[in-house]
$ cat coords24.txt   # compact mmCIF, C-alpha atoms and all ligand atoms
# COMPACT_ATOMS: atom_id res chain seq x y z
CA MET A 1 23.31 6.88 -38.14
CA LEU A 2 20.48 4.61 -37.11
CA ASP A 3 18.62 5.64 -33.98
CA TYR A 4 17.69 2.28 -32.50
CA ASN A 5 15.47 3.84 -29.83
CA HIS A 6 13.29 5.26 -32.56
CA ARG A 7 13.31 2.29 -34.88
CA PRO A 8 9.74 1.98 -36.05
CA GLY A 9 7.81 -0.53 -34.02
CA ILE A 10 10.12 -0.86 -30.99
CA ALA A 11 7.51 0.52 -28.63
CA GLU A 12 4.86 -1.79 -29.98
CA ARG A 13 7.13 -4.83 -29.79
CA VAL A 14 8.33 -4.25 -26.24
CA ASN A 15 4.91 -3.17 -25.01
CA ALA A 16 3.28 -6.21 -26.52
CA ALA A 17 5.90 -8.49 -24.91
CA ILE A 18 5.26 -6.90 -21.50
CA ASP A 19 1.49 -7.16 -21.92
CA ALA A 20 1.78 -10.80 -22.91
CA ALA A 21 3.95 -11.57 -19.88
CA LEU A 22 1.55 -9.82 -17.46
CA ILE A 23 -1.48 -11.51 -18.97
CA ALA A 24 0.26 -14.91 -18.76
CA GLU A 25 1.07 -14.26 -15.09
CA ARG A 26 -2.52 -13.33 -14.46
CA GLU A 27 -3.82 -16.42 -16.22
CA ALA A 28 -1.51 -18.63 -14.16
CA THR A 29 -2.93 -17.19 -10.92
CA PRO A 30 -5.57 -19.51 -9.47
CA PRO A 31 -9.01 -17.86 -9.47
CA ARG A 32 -10.52 -16.71 -6.19
CA THR A 33 -12.80 -19.27 -4.63
CA TYR A 34 -14.42 -16.82 -2.25
CA LEU A 35 -16.40 -13.62 -2.30
CA GLY A 36 -14.04 -10.72 -1.65
CA ALA A 37 -15.42 -8.48 1.09
CA SER A 38 -13.80 -5.54 -0.69
CA ARG A 39 -16.23 -6.10 -3.55
CA LEU A 40 -19.49 -6.43 -1.61
CA GLY A 41 -20.42 -2.78 -2.05
CA HIS A 42 -20.50 -3.19 -5.85
CA ALA A 43 -23.72 -1.76 -7.24
CA CYS A 44 -25.01 -4.98 -8.84
CA GLU A 45 -25.61 -8.19 -6.88
CA ARG A 46 -25.87 -10.22 -10.06
CA ALA A 47 -22.42 -9.07 -11.17
CA LEU A 48 -21.07 -10.09 -7.77
CA GLN A 49 -22.70 -13.46 -8.24
CA PHE A 50 -21.04 -13.92 -11.64
CA GLU A 51 -17.73 -12.93 -10.07
CA PHE A 52 -18.10 -15.35 -7.14
CA ALA A 53 -19.21 -18.21 -9.39
CA GLY A 54 -16.21 -17.60 -11.68
CA ALA A 55 -18.44 -17.06 -14.73
CA PRO A 56 -16.24 -16.44 -17.77
CA LYS A 57 -16.09 -12.77 -18.73
CA ASP A 58 -17.41 -11.66 -22.11
CA GLU A 59 -15.02 -11.83 -25.02
CA GLY A 60 -12.51 -8.99 -24.81
CA ALA A 61 -13.65 -8.01 -21.31
CA ASP A 62 -10.76 -9.58 -19.40
CA PHE A 63 -8.07 -7.33 -17.96
CA GLY A 64 -5.53 -6.19 -20.54
CA GLY A 65 -1.90 -5.33 -19.90
CA GLN A 66 -2.64 -1.68 -19.18
CA THR A 67 -5.25 -2.48 -16.51
CA LEU A 68 -2.91 -5.00 -14.90
CA ARG A 69 -0.19 -2.34 -14.79
CA ILE A 70 -2.62 0.14 -13.21
CA PHE A 71 -3.38 -2.42 -10.46
CA GLU A 72 0.30 -3.08 -9.85
CA ILE A 73 1.21 0.61 -9.71
CA GLY A 74 -1.58 1.04 -7.15
CA HIS A 75 -0.06 -1.69 -4.97
CA GLN A 76 3.36 -0.12 -5.17
CA LEU A 77 1.94 3.26 -4.19
CA GLU A 78 0.29 1.65 -1.17
CA ASP A 79 3.74 0.48 -0.06
CA LEU A 80 4.93 4.08 -0.32
CA ALA A 81 1.97 5.28 1.75
CA ILE A 82 2.96 2.78 4.45
CA ARG A 83 6.45 4.29 4.49
CA TRP A 84 5.09 7.84 4.65
CA LEU A 85 2.69 7.10 7.51
CA ARG A 86 5.44 5.38 9.48
CA ALA A 87 7.74 8.33 8.82
CA ALA A 88 5.02 10.53 10.36
CA GLY A 89 5.27 8.46 13.54
CA ILE A 90 2.27 6.18 13.02
CA ASP A 91 2.76 2.63 14.28
CA LEU A 92 1.22 0.78 11.37
CA TYR A 93 1.05 -3.00 11.12
CA THR A 94 0.48 -4.38 7.65
CA ARG A 95 1.56 -7.97 8.17
CA LYS A 96 1.66 -10.34 11.13
CA GLY A 97 4.80 -9.72 13.15
CA ASN A 98 5.31 -6.68 10.89
CA ARG A 99 7.67 -8.83 8.81
CA PRO A 100 7.65 -8.39 5.01
CA ASP A 101 7.03 -12.14 4.65
CA GLY A 102 4.35 -12.17 7.40
CA GLU A 103 0.77 -13.05 6.57
CA GLN A 104 -1.61 -10.17 5.78
CA PHE A 105 -4.22 -9.36 8.42
CA GLY A 106 -7.66 -10.42 7.40
CA PHE A 107 -10.76 -12.43 8.15
CA SER A 108 -12.66 -15.37 6.82
CA VAL A 109 -16.36 -15.91 7.48
CA ALA A 110 -19.25 -18.00 6.13
CA GLY A 111 -17.09 -21.13 6.09
CA GLY A 112 -14.28 -19.29 4.28
CA ARG A 113 -16.57 -18.16 1.47
CA ILE A 114 -16.32 -14.45 2.38
CA ARG A 115 -12.84 -13.15 3.03
CA GLY A 116 -10.98 -9.90 3.24
CA HIS A 117 -7.41 -8.72 3.64
CA VAL A 118 -6.83 -5.42 5.36
CA ASP A 119 -4.24 -2.88 4.26
CA GLY A 120 -3.17 -2.23 7.82
CA ILE A 121 -3.93 -1.75 11.47
CA ILE A 122 -2.78 1.36 13.34
CA ALA A 123 -1.58 0.33 16.78
CA ALA A 124 -0.48 3.78 17.96
CA ALA A 125 -0.18 7.32 16.66
CA PRO A 126 1.29 10.58 17.95
CA ALA A 127 -1.31 12.33 20.13
CA PRO A 128 -1.51 15.53 18.00
CA LEU A 129 -2.82 13.48 15.08
CA GLY A 130 -5.96 12.60 17.03
CA ILE A 131 -6.12 9.00 15.83
CA GLY A 132 -7.72 6.62 18.33
CA THR A 133 -6.23 3.13 18.27
CA PRO A 134 -6.51 0.38 17.29
CA ALA A 135 -7.79 1.66 13.96
CA LEU A 136 -8.24 0.14 10.55
CA TRP A 137 -6.14 1.66 7.76
CA GLU A 138 -7.37 1.51 4.19
CA CYS A 139 -5.50 2.98 1.23
CA LYS A 140 -6.63 3.62 -2.34
CA THR A 141 -5.02 5.27 -5.32
CA MET A 142 -7.04 7.37 -7.75
CA ASN A 143 -6.62 9.56 -10.78
CA ALA A 144 -6.83 13.30 -10.18
CA LYS A 145 -10.50 13.61 -11.14
CA ASN A 146 -11.70 10.85 -8.80
CA TRP A 147 -9.37 12.01 -6.06
CA ARG A 148 -10.80 15.56 -6.16
CA VAL A 149 -14.37 14.24 -5.90
CA CYS A 150 -13.30 12.08 -2.95
CA VAL A 151 -11.74 15.07 -1.17
CA LYS A 152 -14.82 17.23 -1.84
CA ASP A 153 -17.59 14.75 -1.00
CA GLY A 154 -15.87 12.25 1.31
CA VAL A 155 -15.35 8.56 0.70
CA ALA A 156 -18.87 7.48 1.72
CA VAL A 157 -20.47 9.61 -1.00
CA ALA A 158 -17.73 9.55 -3.63
CA LYS A 159 -16.76 5.88 -3.32
CA PRO A 160 -19.53 3.87 -1.64
CA VAL A 161 -17.77 0.59 -2.54
CA TYR A 162 -14.78 1.63 -0.42
CA ALA A 163 -17.04 2.80 2.42
CA ALA A 164 -18.79 -0.59 2.39
CA GLN A 165 -15.41 -2.33 2.47
CA ILE A 166 -14.26 -0.23 5.44
CA ALA A 167 -17.48 -0.89 7.40
CA LEU A 168 -17.28 -4.65 6.77
CA TYR A 169 -13.61 -4.82 7.69
CA GLN A 170 -14.19 -2.88 10.91
CA ALA A 171 -17.00 -5.30 11.80
CA TYR A 172 -15.20 -8.52 10.93
CA MET A 173 -11.80 -7.53 12.37
CA GLU A 174 -13.35 -6.83 15.77
CA ALA A 175 -13.02 -10.55 16.64
CA THR A 176 -9.23 -10.49 16.30
CA VAL A 177 -8.54 -6.81 17.06
CA PRO A 178 -10.96 -5.87 19.86
CA GLY A 179 -11.83 -2.19 19.83
CA ILE A 180 -11.08 -1.63 16.14
CA SER A 181 -14.69 -0.73 15.36
CA ALA A 182 -14.85 1.73 18.27
CA ASN A 183 -12.29 3.98 16.55
CA PRO A 184 -12.75 5.61 13.17
CA ALA A 185 -10.74 4.01 10.35
CA LEU A 186 -8.06 6.10 8.65
CA PHE A 187 -8.61 6.29 4.91
CA THR A 188 -5.72 7.36 2.68
CA ALA A 189 -6.33 8.36 -0.93
CA ILE A 190 -3.31 9.01 -3.15
CA ASN A 191 -3.66 11.19 -6.21
CA LYS A 192 -1.74 9.20 -8.83
CA ASP A 193 -1.28 12.25 -11.05
CA THR A 194 0.00 14.77 -8.50
CA ALA A 195 1.11 12.71 -5.44
CA GLU A 196 -1.27 14.77 -3.30
CA LEU A 197 -2.66 12.94 -0.27
CA HIS A 198 -6.13 12.88 1.22
CA HIS A 199 -6.82 11.54 4.69
CA GLU A 200 -10.18 10.99 6.22
CA GLN A 201 -11.45 9.35 9.40
CA VAL A 202 -14.36 7.01 8.82
CA ALA A 203 -16.54 6.16 11.82
CA PHE A 204 -17.92 2.64 11.97
CA ASP A 205 -21.26 2.41 10.16
CA ALA A 206 -22.84 -0.67 11.74
CA ALA A 207 -25.99 -0.50 9.60
CA LEU A 208 -23.90 -0.44 6.40
CA ALA A 209 -21.79 -3.37 7.62
CA GLN A 210 -24.96 -5.33 8.37
CA ARG A 211 -26.46 -4.56 4.94
CA MET A 212 -23.27 -5.67 3.20
CA SER A 213 -22.99 -8.81 5.30
CA ASP A 214 -26.63 -9.69 4.48
CA ARG A 215 -25.81 -9.09 0.84
CA GLY A 216 -22.93 -11.55 1.01
CA VAL A 217 -25.19 -14.20 2.51
CA ARG A 218 -27.84 -13.53 -0.17
CA ILE A 219 -25.28 -13.99 -2.95
CA LEU A 220 -23.95 -17.24 -1.45
CA GLN A 221 -27.45 -18.64 -0.90
CA ALA A 222 -28.70 -17.74 -4.38
CA THR A 223 -25.59 -19.23 -5.98
CA ASP A 224 -25.98 -22.45 -3.95
CA ALA A 225 -29.62 -22.67 -5.01
CA GLY A 226 -28.71 -22.09 -8.68
CA GLU A 227 -30.78 -18.89 -8.73
CA LEU A 228 -29.78 -15.69 -10.45
CA LEU A 229 -30.24 -12.47 -8.50
CA PRO A 230 -32.07 -9.59 -10.23
CA ARG A 231 -30.32 -7.23 -12.60
CA ILE A 232 -29.55 -3.76 -11.32
CA ALA A 233 -31.19 -2.16 -14.36
CA THR A 234 -33.98 -2.60 -16.86
CA SER A 235 -31.82 -1.55 -19.81
CA ARG A 236 -28.41 -2.63 -21.01
CA ASP A 237 -27.57 1.05 -21.52
CA PHE A 238 -27.42 1.55 -17.75
CA PHE A 239 -24.06 2.91 -16.63
CA GLU A 240 -22.99 -0.16 -14.62
CA CYS A 241 -23.99 -2.51 -17.44
CA ARG A 242 -21.97 -0.63 -20.03
CA PHE A 243 -18.81 -1.38 -18.08
CA CYS A 244 -19.79 -4.84 -16.84
CA PRO A 245 -17.59 -7.73 -18.05
CA TRP A 246 -20.62 -10.07 -17.98
CA ALA A 247 -23.03 -7.79 -19.86
CA ALA A 248 -23.42 -10.08 -22.88
CA ARG A 249 -23.95 -13.11 -20.64
CA CYS A 250 -26.39 -11.22 -18.41
CA TRP A 251 -28.52 -9.63 -21.11
CA GLY A 252 -28.46 -12.82 -23.16
CA LEU A 253 -30.42 -14.54 -20.40
CA PRO A 254 -34.24 -14.44 -20.36
CA ALA A 255 -34.38 -12.38 -17.14
S1 LIG B 301 -24.89 -6.37 -17.07
FE1 LIG B 301 -25.78 -4.96 -15.57
S2 LIG B 301 -27.39 -6.10 -14.56
FE2 LIG B 301 -26.10 -7.59 -15.62
S3 LIG B 301 -24.62 -8.28 -14.11
FE3 LIG B 301 -23.68 -6.60 -15.21
S4 LIG B 301 -24.17 -4.76 -14.02
FE4 LIG B 301 -25.54 -6.38 -13.35

$ encode --input "coords24.txt" --output "structure tokens" --more "lines below"
Ligand code: SF4
Amino acid sequence: MLDYNHRPGIAERVNAAIDAALIAEREATPPRTYLGASRLGHACERALQFEFAGAPKDEGADFGGQTLRIFEIGHQLEDLAIRWLRAAGIDLYTRKGNRPDGEQFGFSVAGGRIRGHVDGIIAAAPAPLGIGTPALWECKTMNAKNWRVCVKDGVAVAKPVYAAQIALYQAYMEATVPGISANPALFTAINKDTAELHHEQVAFDAALAQRMSDRGVRILQATDAGELLPRIATSRDFFECRFCPWAARCWGLPA
């Protein structure tokens, strides 16, 4: 008897159809017209400039189906984390009015050219948890290796991009949620491989927020002036450059 589940090529055919559908969805999504505050801690200012300006990525460097699925799984896990925190008695707001169709909390500065959307705001928490409110909530998902480093070293050392994001969000959300920067943010990291959870309180780092905000202004000003910010490295072999989707564009330029 024929085993249709194991017919040669079924996995490839279905997988390819899913990949094609996800890539088509992605391509139909209008590109961002602003600098995402969640990205401002990226190591290379030039890469951020390419991203903000919408420079086409190098051939083959765009997100494939697998990466798009990784992003989507991360979003779904964040929804689970919301459920878990609420089950633990934390009054967590993720959308205005706490309605599923409500707008996400966020901010828009520099004439709308720098924006961010926050994962959530903790309005109240059971006293034994020791969470001062209001507090920013930020959630990330990681593979087991990255998660373990994050637990060992803390988010500021292990994931400086996330720490920069948290500091900026605490600073910029203060206008609409007074007191949010006076309380440490709650950072949740989910281990995608084991479902283990890490929680960490992150005190507001005003100097980091200022540095990141200055960085955003520098990127906007350089882009407006048609100037390219310096590379992060002197060699294309540098770690960041090896994984940069604009590496060919960048290193093909005179400087
Ligand atoms: S290739 Fe390297 S220097 Fe150039 S934009 Fe990318 S990370 Fe920056």

$ closest_atom_pairs --input "coords24.txt" --of "chain A" --to "ligand LIG 301 (chain B)" --cutoff "7 Å" --atoms "all atoms listed in the file" --output "Markdown table"
| residue | atom | partner | partner_atom | distance |
| --- | --- | --- | --- | --- |
| A:Cys44 | CA | B:LIG301 | FE4 | 4.8 |
| A:Glu45 | CA | B:LIG301 | FE4 | 6.7 |
| A:Arg46 | CA | B:LIG301 | S3 | 4.7 |
| A:Ala47 | CA | B:LIG301 | S3 | 3.8 |
| A:Arg231 | CA | B:LIG301 | S2 | 3.7 |
| A:Ile232 | CA | B:LIG301 | S2 | 4.5 |
| A:Ala233 | CA | B:LIG301 | S2 | 5.5 |
| A:Arg236 | CA | B:LIG301 | S1 | 6.5 |
| A:Glu240 | CA | B:LIG301 | S4 | 4.8 |
| A:Cys241 | CA | B:LIG301 | FE1 | 3.6 |
| A:Cys244 | CA | B:LIG301 | FE3 | 4.6 |
| A:Pro245 | CA | B:LIG301 | FE3 | 6.8 |
| A:Trp246 | CA | B:LIG301 | FE3 | 5.4 |
| A:Ala247 | CA | B:LIG301 | S1 | 3.6 |
| A:Cys250 | CA | B:LIG301 | FE2 | 4.6 |
| A:Trp251 | CA | B:LIG301 | S1 | 6.3 |

$ atom_distance --input "coords24.txt" --atom1 "CA of Leu48 (chain A)" --atom2 "CA of Leu220 (chain A)"
10.0 Å

$ closest_residue --input "coords24.txt" --among "A:Gly36, A:Gly54, A:Pro160, A:Gly97" --to "Thr223 (chain A)" --atoms "only C-alpha atoms"
A:Gly54

$ atom_distance --input "coords24.txt" --atom1 "CA of Ala158 (chain A)" --atom2 "CA of Asn183 (chain A)"
21.6 Å

$ residues_around --input "coords24.txt" --residues "region 195-201 of chain A" --least-positions-apart "5" --cutoff "12 Å" --atoms "only C-alpha atoms" --output "number ranges by chain"
A: 77-78, 80-81, 84-85, 129-132, 135-144, 146-156, 163, 166, 183-190

$ atom_distance --input "coords24.txt" --atom1 "CA of Arg215 (chain A)" --atom2 "CA of Gly41 (chain A)"
8.8 Å

$ axis_aligned_box --input "coords24.txt" --around "region 69-82 of chain A" --padding-each-side "4 Å" --output "lines of an AutoDock Vina configuration file"
center_x = 0.8
center_y = 1.1
center_z = -5.2
size_x = 16.3
size_y = 16.4
size_z = 27.2

$ closest_residue --input "coords24.txt" --among "A:Ala203, A:Ala248, A:Val157, A:Ala37" --to "Gly216 (chain A)" --atoms "only C-alpha atoms"
A:Ala37

$ closest_residue --input "coords24.txt" --among "A:Gln221, A:Gln66, A:Gln210, A:Thr234" --to "Leu40 (chain A)" --atoms "all atoms listed in the file"
A:Gln210

$ closest_residue --input "coords24.txt" --among "A:Glu174, A:Asp62, A:Asp214, A:Glu227" --to "Ala110 (chain A)" --atoms "all atoms listed in the file"
A:Asp214

$ closest_residue --input "coords24.txt" --among "A:Glu51, A:Asp91, A:Asp119, A:Glu27" --to "Gly65 (chain A)" --atoms "all atoms listed in the file"
A:Glu27

$ closest_residue --input "coords24.txt" --among "A:Ser181, A:Arg39, A:Phe239, A:Pro56" --to "Gln165 (chain A)" --atoms "only C-alpha atoms"
A:Arg39
